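K.L.:
This is the structure I want to talk about, given as structure tokens.
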Amino acid sequence: MCIFVKKLRLKYYITTLFFLTSWLFFGQTTRKYSNEFMNIGVDAAALGMSNAVTSHSADVNSGYWNPAGLVNLEDNQLALMHSSYFANIANYDYVAFAKPLDDRSTVGISLIRFAVDDILDTTQLIDDQGNINYDRISLFSTADYGLTFSYARKLPVQGLNYGINAKVIRRIIGDFASSWGFGLDIGIQFESNDWKFGVMARDITTTFNAWSINEEAFARVQNAVEGQNQELPESTEITIPKLQIGISKKMTFNYDYTLLTALNLNVRFEENNDVISSSFASINPALGFEFGYIDMMYLRAGVGNFQNELQIDNSEQLSFQPSFGIGFKYNGIQIDYAFTDIGDQSVALYSNVFSLKLDFSIFR
């Protein structure tokens, strides 16, 4: 009886593992949340303001938030970030570099990696005779990579800039499957009378991912549970476009103190639980603040991801995700920290994020 229960449990684990693996990268050809690792965000300074930086982003991290902001660089810049999610199970890393070409244009490159390493593969734990052999357990990793090439240029109109991103997506799930994807973003920023406006259109051409599936690995688990995993999943997926609209203003008090206020409207062209939602599009606002002292120390706060959550009694409750952060900048080196909520507010999946930005002017 004990052996029978163990076998049932093992079959359950095998089925769960394959289901989760399949869920990560397959499903419908056009998916609402494909390549979501590219939407987590970078730079602790931006995350501390709930990502409400579309209009005023003006450093090396603009390659992610709005490439039009890259034209504000006066020298080469390098950015690094690391954070761990889900109790350190997943690691999220980011590196970026940007270089002005002249006084009107800038180029940049960035790489994002989101990965879960050393996952137990128990699909071969039980042999054909039903014997358990722990030596048949192996390890694999699932990793998502996003490589972005950015170009930004000032337009003849005073205060108006544009930027373009070309993205290459690489996703690997052990020996089970891998994919390549390609997409484009375009961003615009405009400044007038201390007000800044920005628009960022992500995946404007619908980012396309083509998967290569290891059919031998699939066959090993195809009959683990009768009636499940009988057909190969679809091998293509398309990421639908998203739109981010931002406005911000920075005020100075007594020469030494500044207050930056920013508002973002994040638009997805599908119906979901966002606070404003229709069959055509859903809008999720985000509000961020940054208080600065002598352009050296910063205190940040933000609130975003407003959701209408369905409760057990079928009523809806409005939820949101706050964030906080601090920063310090001296002689071209900036270190930022953010305390952000990456999950449902009720379960408090808060994460600590650190980032570093280096301006090469310190070497001149």
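Ordered as shown in the structure tokens, chains take letters A, B, and onward, while each chain numbers its residues from 1 and ligands are numbered from 1 in the order shown.
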Write out, as CSV, each residue of range 199-316 of chain A that has an atom at most 9 Å from range 188-194 of chain A, together with the closest pair of atoms and their distance in Å to one decimal, counting only C-alpha atoms, rows going by chain and rising number.
P.N.:
residue,atom,partner,partner_atom,distance
A:Val199,CA,A:Ile188,CA,5.3
A:Met200,CA,A:Ile188,CA,6.5
A:Ala201,CA,A:Ile188,CA,8.9
A:Ser248,CA,A:Asp194,CA,8.7
A:Lys249,CA,A:Asp194,CA,6.1
A:Lys250,CA,A:Asp194,CA,6.8
A:Met251,CA,A:Asp194,CA,8.2
K.L.:
Please write the residues from the selection above to a file, keeping all heavy atoms, as a JSON list (two decimals), in the first residue's frame.
P.N.:
[["chain", "number", "residue", "atom", "x", "y", "z"],
["A", 199, "VAL", "N", 5.66, 58.54, -24.78],
["A", 199, "VAL", "CA", 4.85, 57.42, -25.27],
["A", 199, "VAL", "C", 5.80, 56.29, -25.66],
["A", 199, "VAL", "O", 6.78, 56.51, -26.37],
["A", 199, "VAL", "CB", 3.99, 57.81, -26.49],
["A", 199, "VAL", "CG1", 3.22, 56.59, -27.01],
["A", 199, "VAL", "CG2", 3.03, 58.94, -26.13],
["A", 200, "MET", "N", 5.52, 55.12, -25.16],
["A", 200, "MET", "CA", 6.32, 53.93, -25.46],
["A", 200, "MET", "C", 5.40, 52.84, -25.98],
["A", 200, "MET", "O", 4.49, 52.39, -25.28],
["A", 200, "MET", "CB", 7.05, 53.45, -24.22],
["A", 200, "MET", "CG", 7.84, 52.16, -24.39],
["A", 200, "MET", "SD", 9.18, 52.28, -25.58],
["A", 200, "MET", "CE", 10.09, 50.79, -25.21],
["A", 201, "ALA", "N", 5.61, 52.42, -27.23],
["A", 201, "ALA", "CA", 4.83, 51.35, -27.84],
["A", 201, "ALA", "C", 5.70, 50.10, -27.91],
["A", 201, "ALA", "O", 6.70, 50.07, -28.63],
["A", 201, "ALA", "CB", 4.36, 51.76, -29.23],
["A", 248, "SER", "N", 5.14, 63.95, -16.65],
["A", 248, "SER", "CA", 5.84, 64.22, -15.40],
["A", 248, "SER", "C", 6.27, 65.68, -15.33],
["A", 248, "SER", "O", 6.36, 66.37, -16.36],
["A", 248, "SER", "CB", 7.08, 63.31, -15.27],
["A", 248, "SER", "OG", 8.00, 63.56, -16.32],
["A", 249, "LYS", "N", 6.56, 66.12, -14.11],
["A", 249, "LYS", "CA", 7.06, 67.47, -13.90],
["A", 249, "LYS", "C", 7.98, 67.47, -12.69],
["A", 249, "LYS", "O", 7.68, 66.85, -11.67],
["A", 249, "LYS", "CB", 5.94, 68.48, -13.69],
["A", 249, "LYS", "CG", 6.44, 69.92, -13.59],
["A", 249, "LYS", "CD", 5.31, 70.92, -13.53],
["A", 249, "LYS", "CE", 5.88, 72.35, -13.51],
["A", 249, "LYS", "NZ", 4.80, 73.37, -13.49],
["A", 250, "LYS", "N", 9.09, 68.19, -12.81],
["A", 250, "LYS", "CA", 10.06, 68.29, -11.74],
["A", 250, "LYS", "C", 10.09, 69.72, -11.22],
["A", 250, "LYS", "O", 10.26, 70.67, -11.99],
["A", 250, "LYS", "CB", 11.45, 67.88, -12.23],
["A", 250, "LYS", "CG", 12.49, 67.74, -11.13],
["A", 250, "LYS", "CD", 13.79, 67.18, -11.70],
["A", 250, "LYS", "CE", 14.81, 66.91, -10.62],
["A", 250, "LYS", "NZ", 16.06, 66.32, -11.17],
["A", 251, "MET", "N", 9.94, 69.87, -9.90],
["A", 251, "MET", "CA", 9.93, 71.19, -9.27],
["A", 251, "MET", "C", 11.12, 71.33, -8.32],
["A", 251, "MET", "O", 11.52, 70.35, -7.69],
["A", 251, "MET", "CB", 8.61, 71.39, -8.50],
["A", 251, "MET", "CG", 7.38, 71.37, -9.41],
["A", 251, "MET", "SD", 5.83, 71.25, -8.49],
["A", 251, "MET", "CE", 5.88, 69.51, -8.03]]
K.L.:
Which residues are near Glu290 in chain A? Cut-off 7 Å, only C-alpha atoms, ignore same chain within fewer than 3 positions. Put them as a PyMOL selection string.
P.N.:
chain A and resi 259-261+298-301
K.L.:
Keeping all heavy atoms, export the residues of the selection given above as a short mmCIF file (atom, residue, chain, number, x, y, z; two decimals), in the first residue's frame.
P.N.:
data_model
loop_
_atom_site.label_atom_id
_atom_site.label_comp_id
_atom_site.auth_asym_id
_atom_site.auth_seq_id
_atom_site.Cartn_x
_atom_site.Cartn_y
_atom_site.Cartn_z
N LEU A 259 11.32 67.89 -6.35
CA LEU A 259 10.23 66.93 -6.26
C LEU A 259 9.78 66.59 -7.68
O LEU A 259 9.35 67.46 -8.43
CB LEU A 259 9.05 67.48 -5.47
CG LEU A 259 7.82 66.55 -5.40
CD1 LEU A 259 8.17 65.24 -4.69
CD2 LEU A 259 6.65 67.24 -4.71
N LEU A 260 9.94 65.32 -8.03
CA LEU A 260 9.51 64.83 -9.34
C LEU A 260 8.22 64.03 -9.17
O LEU A 260 8.18 63.09 -8.37
CB LEU A 260 10.61 63.94 -9.95
CG LEU A 260 10.25 63.20 -11.24
CD1 LEU A 260 9.99 64.19 -12.38
CD2 LEU A 260 11.37 62.23 -11.61
N THR A 261 7.21 64.40 -9.92
CA THR A 261 5.93 63.70 -9.90
C THR A 261 5.65 63.15 -11.29
O THR A 261 5.78 63.87 -12.28
CB THR A 261 4.78 64.63 -9.49
OG1 THR A 261 5.08 65.22 -8.22
CG2 THR A 261 3.48 63.86 -9.38
N TYR A 298 18.17 60.56 -2.83
CA TYR A 298 16.81 60.48 -3.36
C TYR A 298 15.95 59.56 -2.49
O TYR A 298 16.42 58.53 -2.00
CB TYR A 298 16.82 59.94 -4.79
CG TYR A 298 17.69 60.73 -5.74
CD1 TYR A 298 19.01 60.34 -5.95
CD2 TYR A 298 17.21 61.85 -6.40
CE1 TYR A 298 19.83 61.05 -6.82
CE2 TYR A 298 18.02 62.57 -7.27
CZ TYR A 298 19.32 62.16 -7.46
OH TYR A 298 20.13 62.88 -8.31
N LEU A 299 14.71 59.96 -2.33
CA LEU A 299 13.71 59.15 -1.66
C LEU A 299 12.54 58.99 -2.62
O LEU A 299 12.00 59.98 -3.13
CB LEU A 299 13.24 59.81 -0.36
CG LEU A 299 12.17 59.08 0.44
CD1 LEU A 299 12.70 57.73 0.93
CD2 LEU A 299 11.70 59.93 1.62
N ARG A 300 12.14 57.73 -2.87
CA ARG A 300 11.13 57.47 -3.90
C ARG A 300 9.96 56.66 -3.34
O ARG A 300 10.10 55.88 -2.41
CB ARG A 300 11.76 56.71 -5.08
CG ARG A 300 12.97 57.41 -5.66
CD ARG A 300 13.55 56.63 -6.83
NE ARG A 300 14.74 57.29 -7.36
CZ ARG A 300 15.99 56.94 -7.07
NH1 ARG A 300 16.21 55.93 -6.22
NH2 ARG A 300 17.01 57.59 -7.58
N ALA A 301 8.81 56.84 -3.99
CA ALA A 301 7.61 56.07 -3.64
C ALA A 301 6.72 56.01 -4.87
O ALA A 301 6.78 56.87 -5.75
CB ALA A 301 6.88 56.70 -2.46
#
K.L.:
Leaving out range 94-97 of chain A and any residue of its chain fewer than 3 positions from it, which residues lie within 7 Å of it when counting only C-alpha atoms, given as a list of chain:residue names?
P.N.:
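Answer for this query is A:Val60, A:Gln77, A:Leu78, A:Ala79, A:Leu80, A:Met81, A:His82, A:Gly108, A:Ile109, A:Ser110, A:Leu111, A:Ile112, A:Arg113.
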K.L.:
For Ser50 in chain A, list every protein, DNA or RNA residue within 8 Å, evaluated using only C-alpha atoms, and leave out those in the same chain fewer than 3 positions away; present the list as an MDAnalysis selection string.
P.N.:
chainID A and resid 46:47 286:288 301:304 322:323 340
K.L.:
Please write the residues from the selection above to a file, keeping N, CA, C and O atoms, as a compact mmCIF listing (two decimals), in the first residue's frame.
P.N.:
# COMPACT_ATOMS: atom_id res chain seq x y z
N ALA A 46 13.63 53.29 -11.07
CA ALA A 46 12.33 53.25 -11.74
C ALA A 46 11.34 52.37 -10.99
O ALA A 46 10.17 52.72 -10.83
N LEU A 47 11.81 51.23 -10.49
CA LEU A 47 10.91 50.33 -9.76
C LEU A 47 10.41 50.96 -8.47
O LEU A 47 9.29 50.71 -8.04
N ALA A 286 -0.26 54.25 -12.98
CA ALA A 286 0.82 54.15 -12.00
C ALA A 286 1.28 55.56 -11.67
O ALA A 286 1.40 56.41 -12.55
N LEU A 287 1.52 55.81 -10.39
CA LEU A 287 1.91 57.14 -9.93
C LEU A 287 3.21 57.02 -9.14
O LEU A 287 3.34 56.16 -8.28
N GLY A 288 4.18 57.89 -9.47
CA GLY A 288 5.47 57.82 -8.80
C GLY A 288 5.97 59.19 -8.35
O GLY A 288 5.64 60.22 -8.96
N ALA A 301 8.81 56.84 -3.99
CA ALA A 301 7.61 56.07 -3.64
C ALA A 301 6.72 56.01 -4.87
O ALA A 301 6.78 56.87 -5.75
N GLY A 302 5.90 54.98 -4.91
CA GLY A 302 4.98 54.84 -6.03
C GLY A 302 3.87 53.86 -5.71
O GLY A 302 3.94 53.10 -4.75
N VAL A 303 2.86 53.90 -6.55
CA VAL A 303 1.75 52.96 -6.41
C VAL A 303 1.24 52.64 -7.81
O VAL A 303 1.14 53.52 -8.67
N GLY A 304 0.97 51.37 -8.05
CA GLY A 304 0.51 50.95 -9.38
C GLY A 304 -0.15 49.59 -9.35
O GLY A 304 -0.46 49.06 -8.29
N PRO A 322 2.17 48.94 -3.83
CA PRO A 322 3.04 50.08 -3.50
C PRO A 322 4.51 49.73 -3.70
O PRO A 322 4.89 48.55 -3.76
N SER A 323 5.33 50.73 -3.78
CA SER A 323 6.77 50.52 -3.87
C SER A 323 7.49 51.69 -3.21
O SER A 323 6.94 52.81 -3.13
N THR A 340 9.82 46.47 -3.67
CA THR A 340 8.66 46.44 -4.56
C THR A 340 7.82 45.20 -4.35
O THR A 340 8.30 44.16 -3.89
K.L.:
Hey, what's within 7 Å of range 210-219 of chain A if we count only C-alpha atoms and toss same-chain stuff fewer than 5 positions away? As a list in words, please?
P.N.:
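Using only C-alpha atoms, the neighbours found are Asp175, Phe176, Ala177, Ser178, Ser179, Trp180, Gly181, Ser235, Thr236 and Glu237 of chain A.
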K.L.:
Enumerate the residues of range 99-326 of chain A with a DSSP assignment of alpha helix (DSSP H), computed from the backbone, and present them as a PyMOL selection string.
P.N.:
chain A and resi 215-221
K.L.:
Excluding same-chain residues fewer than 2 positions from Met297 in chain A, what lies within 9 Å of it counting only C-alpha atoms, as a ChimeraX atom specification?
P.N.:
/A:291-295,299,326-330
K.L.:
Write the residues you've just listed into a file as a PDB file, in the first residue's frame, and include C-alpha atoms for each of them.
P.N.:
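What landed in again.pdb:
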ATOM      1  CA  PHE A 291      12.256  63.665  -3.617  1.00  0.00           C
ATOM      2  CA  GLY A 292      15.854  64.755  -4.186  1.00  0.00           C
ATOM      3  CA  TYR A 293      18.428  66.670  -2.175  1.00  0.00           C
ATOM      4  CA  ILE A 294      21.307  68.490  -3.949  1.00  0.00           C
ATOM      5  CA  ASP A 295      21.104  65.957  -6.782  1.00  0.00           C
ATOM      6  CA  LEU A 299      13.706  59.146  -1.663  1.00  0.00           C
ATOM      7  CA  ILE A 326      16.190  55.249  -2.010  1.00  0.00           C
ATOM      8  CA  GLY A 327      19.181  56.337  -4.084  1.00  0.00           C
ATOM      9  CA  PHE A 328      22.581  57.893  -3.710  1.00  0.00           C
ATOM     10  CA  LYS A 329      24.679  59.514  -6.446  1.00  0.00           C
ATOM     11  CA  TYR A 330      28.192  60.871  -6.183  1.00  0.00           C
TER      12      TYR A 330
END
K.L.:
Closest to Ile119 in chain A among A:Ile240, A:Val353, A:Leu184, A:Ala143, using only C-alpha atoms?
P.N.:
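Smallest separation from Ile119 in chain A among the options: A:Ala143.
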K.L.:
In Å, how far is it from CA of Ala262 in chain A to CA of Met49 in chain A?
P.N.:
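About the pair CA of Ala262 in chain A and CA of Met49 in chain A: they are 8.3 Å apart.
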K.L.:
Between A:Asn331, A:Asn273, A:Ala90, A:Gln158, which residue has the minimum interatomic distance to Ser361 in chain A, considering only C-alpha atoms?
P.N.:
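Once distances to Ser361 in chain A are computed over only C-alpha atoms, the minimum belongs to A:Asn331.
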K.L.:
Quick one: of A:Thr239, A:Thr206, A:Ser57, A:Asn131, who's nearest to Phe37 in chain A, counting only C-alpha atoms?
P.N.:
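Result for the nearest residue to Phe37 in chain A: A:Thr239.
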K.L.:
At what distance in Å, to one decimal, does CA of Thr148 in chain A lie from CA of Asn165 in chain A?
P.N.:
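One can read the CA of Asn165 in chain A to CA of Thr148 in chain A distance as 6.3 Å.
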K.L.:
Within range 87-324 of chain A, find each residue whose DSSP state, derived from the backbone, is strand (DSSP E or B), and express the selection as a ChimeraX atom specification.
P.N.:
/A:90-100,105-121,126,132,138-154,160-173,177-192,195-202,207-213,236-239,242-253,257-268,274,276-277,282-293,297-310,316-324
K.L.:
From the set A:Ser277, A:Gly332, A:Ala68, A:Phe289, which residue has the shortest atom-to-atom contact distance to Phe360 in chain A, counting only C-alpha atoms?
P.N.:
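Ranking A:Ser277, A:Gly332, A:Ala68, A:Phe289 by distance to Phe360 in chain A, first place goes to A:Gly332.
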